[in-house]
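Source file: input.txt; contents: compact mmCIF, C-alpha atoms and all ligand atoms.
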# COMPACT_ATOMS: atom_id res chain seq x y z
CA MET A 152 17.14 8.96 28.87
CA LYS A 153 20.35 7.15 29.87
CA ASP A 154 19.23 3.89 28.28
CA LYS A 155 18.30 5.63 24.99
CA CYS A 156 20.30 5.79 21.78
CA PHE A 157 18.87 7.78 18.87
CA LEU A 158 19.76 7.87 15.22
CA VAL A 159 19.18 11.54 14.34
CA THR A 160 19.21 12.47 10.65
CA GLY A 161 20.00 16.04 9.63
CA SER A 162 21.91 16.44 12.89
CA SER A 163 24.48 18.88 11.48
CA SER A 164 22.37 22.03 11.73
CA GLY A 165 19.07 23.67 12.66
CA ILE A 166 16.33 21.56 14.20
CA GLY A 167 18.26 18.28 14.07
CA LEU A 168 21.25 19.82 15.83
CA ALA A 169 19.01 21.32 18.55
CA ILE A 170 17.37 17.92 19.12
CA THR A 171 20.79 16.25 19.23
CA VAL A 172 22.02 18.67 21.91
CA LYS A 173 18.79 18.21 23.91
CA LEU A 174 19.03 14.40 23.80
CA LEU A 175 22.71 14.44 24.81
CA ASP A 176 21.96 16.83 27.70
CA ALA A 177 19.24 14.43 28.83
CA GLY A 178 21.76 11.57 28.97
CA ALA A 179 20.94 9.78 25.70
CA LYS A 180 23.47 8.64 23.12
CA VAL A 181 23.12 10.17 19.62
CA ILE A 182 24.28 8.79 16.28
CA GLY A 183 24.10 11.81 13.99
CA VAL A 184 23.77 11.50 10.22
CA ALA A 185 24.27 14.28 7.65
CA ARG A 186 26.54 15.02 4.69
CA ASN A 187 28.78 17.54 6.44
CA HIS A 188 29.24 17.75 10.21
CA SER A 189 31.94 20.42 10.08
CA ARG A 190 29.36 23.19 10.69
CA GLN A 191 28.76 21.96 14.24
CA LYS A 192 31.50 21.77 16.82
CA LEU A 193 29.67 19.43 19.13
CA GLU A 194 32.04 17.26 21.12
CA HIS A 195 30.45 14.84 23.54
CA LYS A 196 31.38 11.34 24.62
CA ASN A 197 27.91 10.07 23.69
CA HIS A 198 27.88 11.66 20.23
CA LEU A 199 28.98 9.79 17.12
CA THR A 200 28.59 11.04 13.54
CA TYR A 201 28.34 9.45 10.11
CA SER A 202 28.74 11.49 6.93
CA ILE A 203 26.17 10.14 4.49
CA ASP A 204 24.15 11.60 1.65
CA LEU A 205 20.68 10.29 2.39
CA ASN A 206 19.53 10.70 -1.15
CA THR A 207 18.45 7.13 -1.80
CA SER A 208 20.13 6.73 -5.16
CA ASP A 209 23.37 5.87 -3.37
CA ASN A 210 22.71 2.52 -1.70
CA LEU A 211 21.12 3.96 1.43
CA GLU A 212 19.82 0.67 2.82
CA LYS A 213 23.30 -0.85 3.01
CA LYS A 214 24.68 2.25 4.77
CA ILE A 215 21.93 2.35 7.39
CA LYS A 216 22.28 -1.38 8.09
CA LYS A 217 26.01 -0.83 8.69
CA ILE A 218 25.22 1.92 11.23
CA ILE A 219 22.83 -0.44 13.04
CA GLU A 220 25.45 -3.21 13.00
CA ASP A 221 28.06 -0.81 14.45
CA ASN A 222 25.63 0.57 17.06
CA PRO A 223 23.23 -2.21 18.12
CA GLU A 224 22.10 -0.11 21.10
CA ILE A 225 20.04 2.19 18.81
CA ASN A 226 16.47 2.22 20.10
CA GLY A 227 15.12 5.45 18.61
CA LEU A 228 15.00 7.43 15.37
CA VAL A 229 14.57 11.15 14.79
CA SER A 230 14.00 11.26 11.03
CA ASN A 231 14.54 14.93 10.40
CA ALA A 232 16.85 15.58 7.41
CA GLY A 233 15.36 17.54 4.56
CA TYR A 234 15.41 20.64 2.41
CA GLY A 235 12.88 22.88 0.71
CA GLU A 236 12.08 23.55 -2.96
CA PHE A 237 9.29 25.98 -3.77
CA GLY A 238 7.86 27.40 -6.98
CA PRO A 239 5.56 26.46 -9.86
CA LEU A 240 5.76 22.73 -10.60
CA GLU A 241 6.64 23.28 -14.27
CA ASN A 242 9.90 24.93 -13.16
CA PHE A 243 11.28 21.57 -11.96
CA SER A 244 12.74 18.89 -14.21
CA SER A 245 11.61 15.28 -13.74
CA LYS A 246 15.08 14.58 -12.32
CA GLN A 247 14.72 17.37 -9.72
CA ILE A 248 11.26 16.08 -8.74
CA SER A 249 12.53 12.50 -8.29
CA SER A 250 15.56 13.65 -6.36
CA PHE A 251 13.48 15.90 -4.09
CA LEU A 252 10.99 13.14 -3.23
CA SER A 253 13.80 10.64 -2.84
CA MET A 254 15.44 12.76 -0.14
CA ASN A 255 12.37 14.24 1.55
CA LEU A 256 10.09 11.20 1.54
CA THR A 257 11.64 7.95 0.31
CA SER A 258 14.77 8.18 2.47
CA HIS A 259 12.62 8.48 5.63
CA ILE A 260 10.68 5.37 4.60
CA ILE A 261 13.83 3.36 3.85
CA ILE A 262 15.57 4.34 7.10
CA THR A 263 12.44 3.35 9.05
CA LYS A 264 12.27 0.05 7.13
CA CYS A 265 15.88 -0.71 8.08
CA LEU A 266 15.33 0.04 11.77
CA LEU A 267 11.99 -1.72 12.30
CA PRO A 268 13.29 -5.32 12.50
CA HIS A 269 15.91 -4.09 14.99
CA PHE A 270 13.32 -2.32 17.17
CA LYS A 271 10.93 -5.29 16.92
CA LYS A 272 13.66 -7.67 18.10
CA LYS A 273 14.33 -5.38 21.07
CA GLN A 274 10.56 -4.90 21.62
CA ILE A 275 11.14 -1.17 22.07
CA GLY A 276 11.48 1.85 19.81
CA ASP A 277 10.62 5.51 19.37
CA ILE A 278 10.29 7.17 15.98
CA ILE A 279 9.88 10.92 15.50
CA PHE A 280 9.38 12.28 11.97
CA MET A 281 9.97 15.96 11.20
CA GLY A 282 6.89 17.02 9.25
CA SER A 283 5.83 20.61 8.73
CA GLU A 284 2.81 22.86 8.59
CA ALA A 285 3.11 21.83 4.91
CA SER A 286 2.04 18.31 6.03
CA LEU A 287 -1.32 19.78 6.94
CA SER A 288 -2.44 22.06 4.12
CA GLY A 289 -1.44 22.67 0.52
CA GLU A 290 -0.06 26.16 -0.12
CA LYS A 291 0.79 28.18 -3.25
CA ASN A 292 4.19 27.21 -4.74
CA GLY A 293 4.41 24.30 -2.31
CA ALA A 294 3.39 21.44 -4.64
CA LEU A 295 6.65 19.55 -4.23
CA TYR A 296 7.30 20.28 -0.56
CA CYS A 297 3.68 19.55 0.45
CA SER A 298 3.73 16.27 -1.53
CA ALA A 299 6.72 15.07 0.49
CA LYS A 300 5.43 16.30 3.86
CA PHE A 301 1.83 15.07 3.36
CA GLY A 302 3.33 11.73 2.32
CA LEU A 303 5.48 11.61 5.43
CA ARG A 304 2.44 12.30 7.61
CA GLY A 305 0.45 9.50 5.92
CA PHE A 306 3.41 7.16 6.37
CA SER A 307 3.72 8.12 10.04
CA GLN A 308 0.02 7.47 10.72
CA ALA A 309 0.00 4.13 8.90
CA ILE A 310 3.28 2.71 10.22
CA SER A 311 2.28 3.68 13.76
CA LYS A 312 -0.66 1.26 13.55
CA ASP A 313 1.57 -1.52 12.19
CA VAL A 314 4.15 -1.37 14.99
CA SER A 315 2.31 -0.52 18.21
CA ASN A 316 2.16 -4.22 19.18
CA SER A 317 5.97 -4.22 19.27
CA ASN A 318 6.14 -1.38 21.82
CA ILE A 319 7.20 1.08 19.09
CA ARG A 320 5.84 4.62 19.35
CA VAL A 321 5.59 6.87 16.29
CA CYS A 322 5.02 10.63 16.22
CA ILE A 323 5.18 13.35 13.58
CA VAL A 324 6.09 16.91 14.60
CA ASN A 325 4.69 19.61 12.30
CA PRO A 326 6.36 23.00 12.86
CA GLY A 327 5.64 26.26 11.11
CA MET A 328 8.64 28.45 10.21
CA VAL A 329 11.88 28.07 12.18
CA ARG A 330 14.82 30.42 11.56
CA THR A 331 17.42 27.95 10.20
CA SER A 332 19.63 27.49 7.16
CA PHE A 333 16.60 25.82 5.52
CA PHE A 334 15.91 29.28 4.05
CA ASP A 335 19.46 29.99 2.82
CA ASN A 336 18.69 29.03 -0.78
CA LEU A 337 15.01 30.02 -0.80
CA LYS A 338 13.43 33.28 -1.93
CA PHE A 339 11.67 33.83 1.39
CA SER A 340 12.30 33.50 5.13
CA PRO A 341 10.36 34.08 8.35
CA GLY A 342 9.46 37.72 9.04
CA ALA A 343 12.01 39.69 11.08
CA ASP A 344 9.96 39.84 14.29
CA VAL A 345 10.86 37.29 16.97
CA ASN A 346 7.20 36.20 16.99
CA ASN A 347 7.37 35.19 13.30
CA ALA A 348 9.37 32.01 13.95
CA ILE A 349 9.42 29.06 16.33
CA SER A 350 12.76 28.45 18.05
CA GLU A 351 14.69 25.20 17.50
CA GLU A 352 14.90 25.09 21.31
CA ASP A 353 11.09 24.87 21.61
CA ILE A 354 10.95 22.07 19.04
CA SER A 355 13.64 20.11 20.85
CA ASN A 356 11.85 20.65 24.19
CA SER A 357 8.64 19.31 22.62
CA VAL A 358 10.44 16.25 21.27
CA LEU A 359 12.02 15.52 24.64
CA SER A 360 8.69 15.80 26.45
CA ILE A 361 7.03 13.45 23.96
CA LEU A 362 9.79 10.90 24.51
CA LYS A 363 9.62 11.21 28.29
CA LEU A 364 5.92 10.28 28.51
CA GLY A 365 5.05 6.84 29.88
CA ARG A 366 5.41 4.10 27.27
CA ASN A 367 1.67 3.46 27.35
CA THR A 368 1.14 6.96 25.84
CA VAL A 369 1.74 7.86 22.21
CA VAL A 370 1.65 11.44 20.91
CA ASP A 371 0.59 10.76 17.31
CA GLU A 372 1.20 14.28 16.08
CA ILE A 373 1.94 17.80 17.29
CA ASN A 374 1.56 21.05 15.40
CA LEU A 375 3.65 24.08 16.41
CA SER A 376 3.11 27.57 14.96
CA PRO A 377 4.79 30.94 15.41
CA LEU A 378 2.69 33.38 17.42
CA LYS A 379 2.34 35.64 14.36
CA LYS A 380 2.79 34.16 10.88
CA ALA A 381 4.68 36.50 8.54
CA VAL A 382 6.91 35.81 5.56
CA LYS A 383 9.67 38.09 4.29
CA PHE A 384 10.49 37.91 0.55
CA LYS A 385 14.16 38.38 -0.32
N1 LIG B 401 13.05 25.63 9.09
C1 LIG B 401 11.74 25.53 8.97
O1 LIG B 401 10.99 26.53 8.90
C2 LIG B 401 11.08 24.17 8.98
C3 LIG B 401 9.71 24.12 9.28
C4 LIG B 401 9.08 22.89 9.29
C5 LIG B 401 9.80 21.73 9.03
N2 LIG B 401 11.13 21.82 8.75
C6 LIG B 401 11.83 20.56 8.48
O2 LIG B 401 12.82 20.39 9.46
C7 LIG B 401 13.85 19.55 8.95
C8 LIG B 401 15.20 20.18 9.29
O3 LIG B 401 15.30 21.45 8.65
P1 LIG B 401 16.05 22.69 9.30
O4 LIG B 401 15.09 23.81 9.33
O5 LIG B 401 16.72 22.30 10.55
O6 LIG B 401 17.06 23.01 8.12
P2 LIG B 401 18.66 22.94 8.05
O7 LIG B 401 19.25 23.74 9.15
O8 LIG B 401 19.00 23.27 6.65
O9 LIG B 401 18.97 21.41 8.34
C9 LIG B 401 18.75 20.41 7.38
C10 LIG B 401 19.51 19.17 7.81
O10 LIG B 401 19.23 18.13 6.84
C11 LIG B 401 20.49 17.62 6.37
N3 LIG B 401 20.39 17.19 4.99
C12 LIG B 401 19.87 17.86 3.93
N4 LIG B 401 20.03 17.15 2.80
C13 LIG B 401 20.68 16.01 3.14
C14 LIG B 401 21.15 14.87 2.42
N5 LIG B 401 21.01 14.77 1.09
N6 LIG B 401 21.75 13.87 3.10
C15 LIG B 401 21.93 13.97 4.44
N7 LIG B 401 21.51 15.00 5.18
C16 LIG B 401 20.90 16.02 4.53
C17 LIG B 401 21.47 18.79 6.51
O11 LIG B 401 22.80 18.31 6.66
P3 LIG B 401 23.97 18.43 5.55
O12 LIG B 401 23.71 19.67 4.76
O13 LIG B 401 25.22 18.47 6.37
O14 LIG B 401 23.84 17.18 4.76
C18 LIG B 401 21.00 19.41 7.83
O15 LIG B 401 21.59 18.73 8.92
C19 LIG B 401 13.58 19.40 7.45
O16 LIG B 401 12.99 18.14 7.22
C20 LIG B 401 12.59 20.51 7.15
O17 LIG B 401 11.73 20.17 6.09
C21 LIG B 401 11.79 23.01 8.72
Go ahead and render the structure in this file as structure tokens.
Ligand SMILES: NC(=O)c1ccc[n+]([C@@H]2O[C@H](COP(=O)([O-])OP(=O)(O)OC[C@H]3O[C@@H](n4cnc5c(N)ncnc54)[C@H](OP(=O)(O)O)[C@@H]3O)[C@@H](O)[C@H]2O)c1
Amino acid sequence: MKDKCFLVTGSSSGIGLAITVKLLDAGAKVIGVARNHSRQKLEHKNHLTYSIDLNTSDNLEKKIKKIIEDNPEINGLVSNAGYGEFGPLENFSSKQISSFLSMNLTSHIIITKCLLPHFKKKQIGDIIFMGSEASLSGEKNGALYCSAKFGLRGFSQAISKDVSNSNIRVCIVNPGMVRTSFFDNLKFSPGADVNNAISEEDISNSVLSILKLGRNTVVDEINLSPLKKAVKFK
């Protein structure tokens, strides 16, 4: 992975942080993007961070283009940043709905749009989207979250077909519950048993193995589930 440089969004905690550590350990360079990197104390010569709110209302395109200009060696994207909102749809204002979809769907599309000309020029690129089991089936109280994650999966499938001629591989990873700060502000979390959650380590191992496959092979999608699904209500 020594010739690889990934833009990783949501690199400050949870799954994105685990993937960042895995990529750095494998010899890649990582440009991490999140609002607040102070939660992680990762110091590595190949790790650079940008503090950006990816909510698209704030001129996202310009900010991403600046990162690409500063770091022209970027040849991969792990589009992972996101948060959850669950509950009956009527509980959300129109503003909350727009803001949620802006962060959890539109920002992934805009970041990809910014990087594609760069990858096409280089004739190489790898894009990993962080989907969810909520990309695969609609669940009670998940109207908003499923809309974003289904949308991301549709985007991943479609864009993959548009870019394969430019040696750009696209994959979406769909995990079930992972014990991260994703659940801090939610009314539920994975059950207490170790078998009720997937580890961030296993997700990052999966991502690394996808990236290490020969360039003639694309993993379109992988689904990861905890051995025993159980939810704990707070
Ligand atoms: N945990 C699960 O069970 C699970 C399961 C399936 C899929 N996922 C998906 O995995 C991804 C990562 O979640 P996680 O579980 O690792 O949760 P997490 O620990 O809360 O991490 C979320 C990351 O997204 C970043 N982020 C959130 N809002 C942002 C914004 N407006 N601008 C920039 N960065 C923002 C956060 O950084 P800052 O707060 O510093 O900005 C953080 O680095 C999400 O897309 C989530 O939907 C999670």
Sorted by chain and rising residue number, which residues of chain A lie within 6 Å of ligand LIG 401 (chain B), and what are their closest atom pairs and distances in Å to one decimal, counting all atoms listed in the file, as a tab-separated table?
residue	atom	partner	partner_atom	distance
A:Gly161	CA	B:LIG401	O15	3.2
A:Ser162	CA	B:LIG401	O15	4.6
A:Ser163	CA	B:LIG401	O15	3.9
A:Ser164	CA	B:LIG401	O7	4.4
A:Gly165	CA	B:LIG401	O5	3.4
A:Ile166	CA	B:LIG401	O5	3.7
A:Gly167	CA	B:LIG401	O5	5.6
A:Ala185	CA	B:LIG401	N7	3.8
A:Arg186	CA	B:LIG401	O14	3.5
A:Asn187	CA	B:LIG401	O13	3.7
A:His188	CA	B:LIG401	O13	5.6
A:Ile203	CA	B:LIG401	C15	5.7
A:Asp204	CA	B:LIG401	N6	3.6
A:Leu205	CA	B:LIG401	N6	3.8
A:Asn206	CA	B:LIG401	N5	4.9
A:Asn231	CA	B:LIG401	O16	4.8
A:Ala232	CA	B:LIG401	O10	3.5
A:Gly233	CA	B:LIG401	O16	3.6
A:Tyr234	CA	B:LIG401	O17	5.2
A:Met281	CA	B:LIG401	O16	5.5
A:Gly282	CA	B:LIG401	C5	5.5
A:Ser283	CA	B:LIG401	C4	4.0
A:Pro326	CA	B:LIG401	C4	4.5
A:Gly327	CA	B:LIG401	C3	4.9
A:Met328	CA	B:LIG401	O1	3.3
A:Val329	CA	B:LIG401	O1	3.7
A:Arg330	CA	B:LIG401	N1	5.7
A:Thr331	CA	B:LIG401	O7	4.7
A:Ser332	CA	B:LIG401	O7	4.3
A:Phe333	CA	B:LIG401	O8	3.7
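If you count all atoms listed in the file and ignore residues fewer than 4 places along the chain from Leu362 of chain A, what sits within 10 Å of it is Met152, Leu174, Gly227, Asp277, Ile278, Ile279, Arg320, Cys322, Asn356, Ser357, Val358, Arg366, Thr368, Val369 and Val370 of chain A.
Atom pair atom CA of Ser317 of chain A / atom CA of Asn222 of chain A: separated by 20.4 Å.
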Long-range neighbours of Asn374 of chain A as a ChimeraX atom specification, 7 Å cut-off, only C-alpha atoms, 2 positions minimum in chain: /A:324-326,372,376
Of the listed residues A:His259, A:His269, A:Lys173, A:Lys385, that which approaches Ser340 of chain A most closely, counting only C-alpha atoms: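 Distance minimum relative to Ser340 of chain A lands on A:Lys385.
Across A:Ala179, A:Leu295, A:Ile225, A:Ile218, the tightest approach to Ser250 of chain A is made by A:Leu295 when counting all atoms listed in the file.
Atom CA of Asn367 of chain A lies 8.6 Å from atom CA of Asn318 of chain A.
Take atom CA of Thr200 of chain A and atom CA of Ser355 of chain A: the distance between them is 19.0 Å.
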Ser249 of chain A: which residues within 12 Å, counting all atoms listed in the file, same-chain residues fewer than 2 positions away excluded, as a short mmCIF file (atom, residue, chain, number, x, y, z; two decimals) with C-alpha atoms, in the frame of the given file?
data_model
loop_
_atom_site.label_atom_id
_atom_site.label_comp_id
_atom_site.auth_asym_id
_atom_site.auth_seq_id
_atom_site.Cartn_x
_atom_site.Cartn_y
_atom_site.Cartn_z
CA ASN A 206 19.53 10.70 -1.15
CA THR A 207 18.45 7.13 -1.80
CA SER A 208 20.13 6.73 -5.16
CA PHE A 243 11.28 21.57 -11.96
CA SER A 244 12.74 18.89 -14.21
CA SER A 245 11.61 15.28 -13.74
CA LYS A 246 15.08 14.58 -12.32
CA GLN A 247 14.72 17.37 -9.72
CA PHE A 251 13.48 15.90 -4.09
CA LEU A 252 10.99 13.14 -3.23
CA SER A 253 13.80 10.64 -2.84
CA MET A 254 15.44 12.76 -0.14
CA ASN A 255 12.37 14.24 1.55
CA LEU A 256 10.09 11.20 1.54
CA THR A 257 11.64 7.95 0.31
CA SER A 258 14.77 8.18 2.47
CA LEU A 295 6.65 19.55 -4.23
CA SER A 298 3.73 16.27 -1.53
CA ALA A 299 6.72 15.07 0.49
#
Shortest interatomic distance to Leu267 of chain A - which of A:Leu287, A:Ala309, A:Ile319, A:Ala169, counting only C-alpha atoms: A:Ile319
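Residue nearest Asn292 of chain A within the list A:Asn226, A:Thr171, A:Asn242, A:Thr263: A:Asn242 [criterion: smallest interatomic distance, only C-alpha atoms].
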Among the residues A:Ile219, A:Val382, A:Leu303, A:Ala294, the one that comes closest to Val321 of chain A [using all atoms listed in the file]: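 Ranking A:Ile219, A:Val382, A:Leu303, A:Ala294 by distance to Val321 of chain A, first place goes to A:Leu303.
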Shell around Tyr296 of chain A at 7 Å using all atoms listed in the file, local window under 4 positions removed, as a PyMOL selection string: chain A and resi 235-237+300
Of the listed residues A:Ser230, A:Asp209, A:Asp371, A:Glu351, that which approaches Lys312 of chain A most closely, counting only C-alpha atoms: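 For Lys312 of chain A, the nearest of the candidates is A:Asp371.
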As AutoDock Vina command-line options, please report the centre and edge lengths, rounded to one decimal in Å, of the axis-aligned box that holds all listed atoms of segment 185-198 of chain A with 6 Å of padding on each of the six sides.
--center_x 28.2 --center_y 16.6 --center_z 14.7 --size_x 19.8 --size_y 25.1 --size_z 31.9
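The shell of residues at most 12 Å from Val345 of chain A, with only C-alpha atoms counted and near chain neighbours (fewer than 3 positions) removed, consists of A:Met328, A:Val329, A:Arg330, A:Pro341, A:Gly342, A:Ala348, A:Ile349, A:Ser350, A:Pro377, A:Leu378, A:Lys379, A:Lys380, A:Ala381.
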Keeping only C-alpha atoms, write the selected residues as a PDB file, keeping the file's coordinate frame.
ATOM      1  CA  MET A 328       8.640  28.450  10.210  1.00  0.00           C
ATOM      2  CA  VAL A 329      11.880  28.070  12.180  1.00  0.00           C
ATOM      3  CA  ARG A 330      14.820  30.420  11.560  1.00  0.00           C
ATOM      4  CA  PRO A 341      10.360  34.080   8.350  1.00  0.00           C
ATOM      5  CA  GLY A 342       9.460  37.720   9.040  1.00  0.00           C
ATOM      6  CA  ALA A 348       9.370  32.010  13.950  1.00  0.00           C
ATOM      7  CA  ILE A 349       9.420  29.060  16.330  1.00  0.00           C
ATOM      8  CA  SER A 350      12.760  28.450  18.050  1.00  0.00           C
ATOM      9  CA  PRO A 377       4.790  30.940  15.410  1.00  0.00           C
ATOM     10  CA  LEU A 378       2.690  33.380  17.420  1.00  0.00           C
ATOM     11  CA  LYS A 379       2.340  35.640  14.360  1.00  0.00           C
ATOM     12  CA  LYS A 380       2.790  34.160  10.880  1.00  0.00           C
ATOM     13  CA  ALA A 381       4.680  36.500   8.540  1.00  0.00           C
TER      14      ALA A 381
END
